[in-house]
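S.K.: My questions will all concern the structure given below.
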Amino acid sequence: MSTPDPQLYAILAEAGFGDDLFNPRQHACCELVERYVLQQCIAVADVLGLPARLATATTAHDLAAATGIVTERPLRWLLARLAADGLVVHDGDGWSLPAPLPAPALETTRAEGLALDPSYAPAYALVDEAAALWPRVLRGEVVAERALFMRARLWLDYFSNAHTYYAINNRVAAQAAVARVPAAGAHVLEVGAGLGSATEALLAALAPDVRLAAYDVTEPVAFFRRRTERMLPAAHPDVPFTFDDLDLNQPWAAQGVAAGSRHLVWGVNVFHLAHDLDAVLREAHAALAPGGWLVIGEGIRPGPGVPVGAEFPFQLLESFTTVTLDPVTRPEPGFLTAEPWLAAVARAGFVDTTLVPDVIRLRALYPGFFAGAICGRRG
């Protein structure tokens, strides 16, 4: 595993993030999850029978046809993930195996990761569940959305602030959001609240003297929404919650979000699911009062086309990958790099756009996957 330049932690401290959130142990835990995903990719490749077919260069299309794969998109991601570590060679349209794939050391890696931080257990559990589904999804035997989202306990554990791997995103975005909430009278709209862990993170980070006028918790998945509707008012009886099923991909005003009515619009790990990102950001801009802020909590891809372990389970989901692409503004589905995020927010009319923390500066010290918040103000 690599060791980050100590300056990385100094920059994070400058941005207000202490060593309780970013530290060498947490960094090592994230790298072990990344290593575990790579090893699961090797295991999936073996199950699919890819090594024998990659003895000579072949296209992804021909590889899919030869192995009974009906869904090429995740296959291409799998090949790219293996190629990122030099296990597969990509030359033009052809993919080939320069040497036999190493045997995956799944048990050893998982044990090492959990010994460092047991709270990462849900990350390994989700990767394991997804790895078991990968061959069946690629062969068209099951629908990933149905198979994965039936595992309620899996998601309850994963989308939790007790799960450090995921909670980092919540805490980074919450810190950026509370720095931009008016001290009194703010009307907050949270998009895609899921199971409420980001909501909890924001309320925990609010200064005691901040009083919200209203907090709209929106989530289109009924199971998630019903749970937050039970949990949040009981835990925070003084917060004026409302609950609704806002679909970010449909016009917001038609769903009850009046133009110019909110002071903070925010969401964690939801805006990358926008079918048309520019259109959704324009909806967020319209919903805000002048001076109001948009805060988008996201995992930031380290570079164009760079596969990251966090997306391994989600590459199977149509909701993650079926988006409107553009070679310049949005070249790939799922997580974006920092520059397209900033450009997209600016195109929607936001000013004072910024990254919290400065991921562009950080990746010069460590070219990895970062949690960040993309912020913009309505002028």
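So you can find residues: chains in the structure tokens are A, B, ... in the order shown, residues in each start at 1, and ligands are numbered from 1 in order.
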If we count only C-alpha atoms, what is near range 196-198 of chain A at a cut-off of 6 Å, once residues fewer than 3 positions away on the same chain are taken out, given as a PyMOL selection string?

M.R.: chain A and resi 160-161+170+193+201+228

S.K.: Hey, what's within 12 Å of range 48-50 of chain A if we count only C-alpha atoms and toss same-chain stuff fewer than 6 positions away? As an MDAnalysis selection string, please?

M.R.: chainID A and resid 41:42 56:60 62:70 75 78:79 82 88 95:97 100:101 131:139

S.K.: With only C-alpha atoms as the basis for distance, which of A:Ala152, A:Ala173, A:Leu288, A:Leu21 is at the shortest distance from Arg227 in chain A?

M.R.: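 For Arg227 in chain A, the nearest of the candidates is A:Ala152.
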
S.K.: At what distance in Å, to one decimal, does CA of Thr329 in chain A lie from CA of His285 in chain A?

M.R.: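 So the answer is 18.3 Å.
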
S.K.: Can you tell me, as a VMD selection string, what residues are no more than 6 Å from range 272-282 of chain A when counting only C-alpha atoms, ignoring any on the same chain fewer than 3 positions away?

M.R.: chain A and resid 285 320 323 to 324 334 348

S.K.: Between A:Thr199, A:Asn169, A:Ser2, A:Gln26, single out the one closest to Ser119 in chain A, counting only C-alpha atoms.

M.R.: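 The shortest atom-to-atom distance to Ser119 in chain A comes from A:Gln26.
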
S.K.: Find the residues around Ala99 in chain A up to 9 Å (only C-alpha atoms counted), leave out those fewer than 3 positions away in its own chain, and share them as number ranges by chain.

M.R.: A: 55, 87-88, 102

S.K.: For C-alpha atoms, I'd like the residues from the last selection saved as a PDB file, in the first residue's frame.

M.R.:
ATOM      1  CA  ALA A  55      -4.694 -15.714 -24.151  1.00  0.00           C
ATOM      2  CA  LEU A  87      -3.058  -7.696 -15.107  1.00  0.00           C
ATOM      3  CA  VAL A  88      -4.682  -7.181 -18.509  1.00  0.00           C
ATOM      4  CA  PRO A 102      -2.690 -14.236  -9.542  1.00  0.00           C
TER       5      PRO A 102
END

S.K.: List as JSON lines every residue of range 229-309 of chain A that is in contact with range 206-222 of chain A, defined as an atom at most 12 Å from one of its atoms (using only C-alpha atoms), together with the nearest atom pair and the distance in Å rounded to one decimal, sorted by chain and then rising number.

M.R.:
{"residue": "A:Glu229", "atom": "CA", "partner": "A:Val217", "partner_atom": "CA", "distance": 8.6}
{"residue": "A:Met231", "atom": "CA", "partner": "A:Val217", "partner_atom": "CA", "distance": 11.9}
{"residue": "A:Leu232", "atom": "CA", "partner": "A:Val217", "partner_atom": "CA", "distance": 9.6}
{"residue": "A:Pro233", "atom": "CA", "partner": "A:Val217", "partner_atom": "CA", "distance": 11.0}
{"residue": "A:His236", "atom": "CA", "partner": "A:Tyr215", "partner_atom": "CA", "distance": 11.4}
{"residue": "A:Asp238", "atom": "CA", "partner": "A:Arg211", "partner_atom": "CA", "distance": 9.4}
{"residue": "A:Val239", "atom": "CA", "partner": "A:Leu212", "partner_atom": "CA", "distance": 7.1}
{"residue": "A:Pro240", "atom": "CA", "partner": "A:Ala214", "partner_atom": "CA", "distance": 5.0}
{"residue": "A:Phe241", "atom": "CA", "partner": "A:Tyr215", "partner_atom": "CA", "distance": 4.8}
{"residue": "A:Thr242", "atom": "CA", "partner": "A:Asp216", "partner_atom": "CA", "distance": 4.8}
{"residue": "A:Phe243", "atom": "CA", "partner": "A:Val217", "partner_atom": "CA", "distance": 4.9}
{"residue": "A:Asp244", "atom": "CA", "partner": "A:Thr218", "partner_atom": "CA", "distance": 4.8}
{"residue": "A:Asp245", "atom": "CA", "partner": "A:Pro220", "partner_atom": "CA", "distance": 4.2}
{"residue": "A:Leu246", "atom": "CA", "partner": "A:Thr218", "partner_atom": "CA", "distance": 5.4}
{"residue": "A:Asp247", "atom": "CA", "partner": "A:Pro220", "partner_atom": "CA", "distance": 5.9}
{"residue": "A:Leu248", "atom": "CA", "partner": "A:Pro220", "partner_atom": "CA", "distance": 8.8}
{"residue": "A:Asn249", "atom": "CA", "partner": "A:Pro220", "partner_atom": "CA", "distance": 10.7}
{"residue": "A:Gln250", "atom": "CA", "partner": "A:Pro220", "partner_atom": "CA", "distance": 11.3}
{"residue": "A:Trp252", "atom": "CA", "partner": "A:Thr218", "partner_atom": "CA", "distance": 11.4}
{"residue": "A:Gln255", "atom": "CA", "partner": "A:Thr218", "partner_atom": "CA", "distance": 10.8}
{"residue": "A:Gly256", "atom": "CA", "partner": "A:Asp216", "partner_atom": "CA", "distance": 10.9}
{"residue": "A:Val257", "atom": "CA", "partner": "A:Asp216", "partner_atom": "CA", "distance": 9.7}
{"residue": "A:Ser261", "atom": "CA", "partner": "A:Ala214", "partner_atom": "CA", "distance": 10.8}
{"residue": "A:Arg262", "atom": "CA", "partner": "A:Ala214", "partner_atom": "CA", "distance": 9.2}
{"residue": "A:His263", "atom": "CA", "partner": "A:Ala214", "partner_atom": "CA", "distance": 10.1}
{"residue": "A:Leu264", "atom": "CA", "partner": "A:Tyr215", "partner_atom": "CA", "distance": 9.5}
{"residue": "A:Val265", "atom": "CA", "partner": "A:Asp216", "partner_atom": "CA", "distance": 9.6}
{"residue": "A:Trp266", "atom": "CA", "partner": "A:Val217", "partner_atom": "CA", "distance": 10.3}
{"residue": "A:Gly267", "atom": "CA", "partner": "A:Thr218", "partner_atom": "CA", "distance": 9.7}
{"residue": "A:Val268", "atom": "CA", "partner": "A:Glu219", "partner_atom": "CA", "distance": 11.8}
{"residue": "A:Val270", "atom": "CA", "partner": "A:Glu219", "partner_atom": "CA", "distance": 10.1}

S.K.: Enumerate as JSON, numbers by chain all residues of range 160-277 of chain A assigned to strand (DSSP E or B) by DSSP on the backbone, naming them with the chain letters and numbers the document uses.

M.R.: {"A": [184, 185, 186, 187, 188, 189, 190, 211, 212, 213, 214, 215, 216, 217, 218, 241, 242, 243, 244, 262, 263, 264, 265, 266, 267, 268]}

S.K.: Kindly export the residues of the current selection with C-alpha atoms, as a short mmCIF file (atom, residue, chain, number, x, y, z; two decimals), in the first residue's frame.

M.R.:
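Writing the result to selection.cif gives the following:
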data_model
loop_
_atom_site.label_atom_id
_atom_site.label_comp_id
_atom_site.auth_asym_id
_atom_site.auth_seq_id
_atom_site.Cartn_x
_atom_site.Cartn_y
_atom_site.Cartn_z
CA ALA A 184 -31.85 31.34 11.47
CA GLY A 185 -34.84 30.68 9.26
CA ALA A 186 -33.22 28.32 6.77
CA HIS A 187 -35.39 26.05 4.66
CA VAL A 188 -33.36 22.95 3.76
CA LEU A 189 -34.10 20.50 0.95
CA GLU A 190 -32.22 17.20 1.02
CA ARG A 211 -32.57 27.16 14.04
CA LEU A 212 -34.04 25.67 10.88
CA ALA A 213 -37.40 26.88 9.60
CA ALA A 214 -38.01 23.61 7.74
CA TYR A 215 -36.12 20.51 6.66
CA ASP A 216 -37.54 18.62 3.68
CA VAL A 217 -36.30 15.02 3.58
CA THR A 218 -36.94 13.56 0.12
CA PHE A 241 -39.20 17.75 9.17
CA THR A 242 -41.34 17.04 6.16
CA PHE A 243 -41.03 13.86 4.07
CA ASP A 244 -41.69 13.39 0.37
CA ARG A 262 -35.01 26.94 -0.32
CA HIS A 263 -31.83 28.23 1.30
CA LEU A 264 -29.86 24.98 1.07
CA VAL A 265 -30.27 22.16 -1.44
CA TRP A 266 -27.99 19.26 -0.78
CA GLY A 267 -27.56 15.51 -1.20
CA VAL A 268 -24.90 12.84 -0.72
#

S.K.: As a ChimeraX atom specification, please: the residues near range 31-37 of chain A (cut-off 9 Å, only C-alpha atoms, same-chain neighbours under 4 positions excluded).

M.R.: /A:1-2,26-27,41-42,104-106,109-110,112-113,120,123-124,127-128,131,308-310,312

S.K.: I need the chosen residues saved as a compact mmCIF listing (two decimals), in the first residue's frame, with C-alpha atoms.

M.R.:
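And here is the file that came out, part-v3.txt:
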# COMPACT_ATOMS: atom_id res chain seq x y z
CA MET A 1 0.00 0.00 0.00
CA SER A 2 1.11 3.54 -0.70
CA GLN A 26 -8.35 5.32 7.48
CA HIS A 27 -6.27 5.67 4.33
CA CYS A 41 -12.51 -8.88 -10.02
CA ILE A 42 -9.93 -11.63 -10.56
CA PRO A 104 -6.98 -13.79 -5.08
CA ALA A 105 -6.21 -13.58 -1.37
CA LEU A 106 -9.70 -12.63 -0.28
CA THR A 109 -7.18 -9.07 2.75
CA ARG A 110 -10.57 -8.95 4.45
CA GLU A 112 -6.33 -7.40 7.50
CA GLY A 113 -8.89 -4.69 6.76
CA TYR A 120 -15.59 -1.47 7.45
CA ALA A 123 -18.06 -2.54 2.68
CA TYR A 124 -16.69 -6.07 2.44
CA VAL A 127 -18.49 -6.31 -2.34
CA ASP A 128 -18.99 -10.02 -1.58
CA ALA A 131 -19.21 -10.40 -6.65
CA VAL A 308 -12.49 2.78 -8.51
CA GLY A 309 -13.40 0.02 -6.10
CA ALA A 310 -16.37 1.87 -4.61
CA PHE A 312 -17.84 -2.29 -8.17
